[in-house]
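Novice: I'd like to ask you about the structure that follows.
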There are 2 protein chains.
Amino acid sequence: MEHDILNENISETSLYHILSEVTIQNKGNSMEYIEKSMERDSMLIQAIKTGNKELLNTAKNYVASEITHPYYYANPIIHEDILRTRKNGMIIRNTLCRIGAALGGVPAINLHLISEKYALQIEQAPTPEYLEYVVSPKMFDEFCDLVENFSTIHYSNLVKEVVNYIGNHISEEVTVTILSETFHVNDSHLARKFKKETNYTISEYVNQQKIEAAKLLLQGKEMSVGEVSERLGYNSSSYFSKVFKKLTGEAPANYANLKMQI
Amino acid sequence: MEHDILNENISETSLYHILSEVTIQNKGNSMEYIEKSMERDSMLIQAIKTGNKELLNTAKNYVASEITHPYYYANPIIHEDILRTRKNGMIIRNTLCRIGAALGGVPAINLHLISEKYALQIEQAPTPEYLEYVVSPKMFDEFCDLVENFSTIHYSNLVKEVVNYIGNHISEEVTVTILSETFHVNDSHLARKFKKETNYTISEYVNQQKIEAAKLLLQGKEMSVGEVSERLGYNSSSYFSKVFKKLTGEAPANYANLKMQI
């Protein structure tokens, strides 16, 4: 629905033609930008909201084709500082992605983790090319995956409640038995229903959420692997490390360092 | 509807409690930020989308109360550079406002003019205080007014078509007579209907749109007042100046200079 509303009122008007003949701040014309900006924004939001990789690829090509245009995301070139201009454009993209994923039903904590991660990467980027060809596509993909993997929008009320419970008890051990007792349902019924709706077993889902939290805690560099493991309710640090490596491909001790190198 | 979706999934979870005990990048805790960020974003978007000044005031207070928090708009403090951090936060606010106004049915050209104006003001701001107490409230108000004044969402199809026609013929003289002939309707019927739906007479509306375009052209500093007047289809430069002064409070010649001083 947002798609349609955002697409309204886009037409080739004479005002655009006037503007196209005028260079503003000597930086080029705005005709093309204005015409396409709402279409591009709505396409990006829509792709991420629905976790639609195909539409996302179209949106990515759209976005990529416009970076040579001075009116980069309603963001005129600043003091000839192209890196700052692109960083600002990326902050806007990060915001659009965050809104898309929020509309797609991604829990606040997951949104926050990714949004902040990219806020830092954007600010630390050394070149415009790095932003455009490394950070930007990764950011789009990651927000899109977030909706595919964590959106609660199509879950039944029971599964939504279970998902919230898992988030609320991330520092404790959570099992099918505990959940079925808490929600007064048969445990095999719950397990089947959860797997059917989320495509994860309850144990996979619990671990995935714990590992997302672990990533943030490890990046903070204030806690050891053992402390993180304990804080997230794992009985053994080696089991935590095994799960972490299975889900991220990295040992927890390496994680923060690797992230900083990127 | 976006309001509800954005508000979903906000709850006080144990993960927030964990995060609240951990300082990330030595900059403070994120618990409060994460809990409130989606609520704040959705309130701001909703206020602007509906042109609701009362809700906007609530959102403004909300936003103002959080600037001391390090997790300013998913935007951690950068290299201890508080001005840059606040500028980045304002870029995010500008984006949220733009999306709210787009959802509220504001035509692309009006969105673009305001969004770009503030992109420049944000980048040129000398202090965090100037951003927070001068630029930010003005920006919120102006986007909100945009929806109140230019949203086409509740117009009938006829009035929407007339509004589009006016945008498409901004460089020509547009009168009730021309419009009623173009759309094959009785001219007094059209005049009444337009005034009833938009609260402007057709002539007021045409002038308002022309003056919005004039502001952009004048800020470009590439065209004289006479050239701008001619480009926008005014027969006389002095009549154009009179209309401009009536709507903006300033003579066109002063406009660009004044804008630069702010």
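Lettering and numbering for the structure tokens are positional, with chains as A, B, ... in the shown order, residues counted from 1 in each chain, and ligands counted from 1 in the shown order.
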Write out as a count of residues only each polymer residue whose atoms come within 6 Å of range 103-109 of chain A, counting only C-alpha atoms; drop sequence neighbours fewer than 2 positions from it.

Specialist: 12

Novice: Contacts of Tyr118 in chain B at 8 Å or less, counting only C-alpha atoms, minus same-chain residues fewer than 6 places along, as a PyMOL selection string?

Specialist: chain B and resi 94+135+139

Novice: Skip range 238-249 of chain B itself and residues of its chain fewer than 6 positions away, then list as a PyMOL selection string all residues within 8 Å of it, counting only C-alpha atoms.

Specialist: chain B and resi 207-208+211+229

Novice: Quick one: residues within 8 Å of range 40-48 of chain B, only C-alpha atoms counted, chain neighbours fewer than 6 positions away excluded, as a ChimeraX atom specification?

Specialist: /B:2-3,6-7,54-56,59-60,62-63,96-97,99-101,104,140,143-144,147

Novice: Could you name the residues that touch range 197-200 of chain B at 8 Å or less, counting only C-alpha atoms, but leaving out those on the same chain fewer than 6 positions away, as a PDB file with N, CA, C and O atoms, in the first residue's frame?

Specialist:
```
ATOM      1  N   ASN B 149      -1.045  21.521   3.669  1.00  0.00           N
ATOM      2  CA  ASN B 149      -1.311  22.437   2.559  1.00  0.00           C
ATOM      3  C   ASN B 149      -1.322  21.780   1.178  1.00  0.00           C
ATOM      4  O   ASN B 149      -1.975  22.286   0.270  1.00  0.00           O
ATOM      5  N   HIS B 154      -7.017  13.403  -0.085  1.00  0.00           N
ATOM      6  CA  HIS B 154      -8.472  13.396   0.080  1.00  0.00           C
ATOM      7  C   HIS B 154      -9.203  14.159  -1.028  1.00  0.00           C
ATOM      8  O   HIS B 154     -10.389  14.407  -0.919  1.00  0.00           O
ATOM      9  N   TYR B 155      -8.478  14.520  -2.082  1.00  0.00           N
ATOM     10  CA  TYR B 155      -9.136  15.247  -3.168  1.00  0.00           C
ATOM     11  C   TYR B 155      -9.924  14.282  -4.047  1.00  0.00           C
ATOM     12  O   TYR B 155      -9.581  13.105  -4.176  1.00  0.00           O
ATOM     13  N   SER B 156     -10.956  14.812  -4.688  1.00  0.00           N
ATOM     14  CA  SER B 156     -11.676  14.041  -5.693  1.00  0.00           C
ATOM     15  C   SER B 156     -10.777  13.872  -6.917  1.00  0.00           C
ATOM     16  O   SER B 156      -9.763  14.561  -7.052  1.00  0.00           O
ATOM     17  N   VAL B 159     -10.252  17.157  -8.862  1.00  0.00           N
ATOM     18  CA  VAL B 159      -9.328  18.122  -8.252  1.00  0.00           C
ATOM     19  C   VAL B 159      -7.892  17.604  -8.310  1.00  0.00           C
ATOM     20  O   VAL B 159      -6.952  18.361  -8.564  1.00  0.00           O
TER      21      VAL B 159
END
```
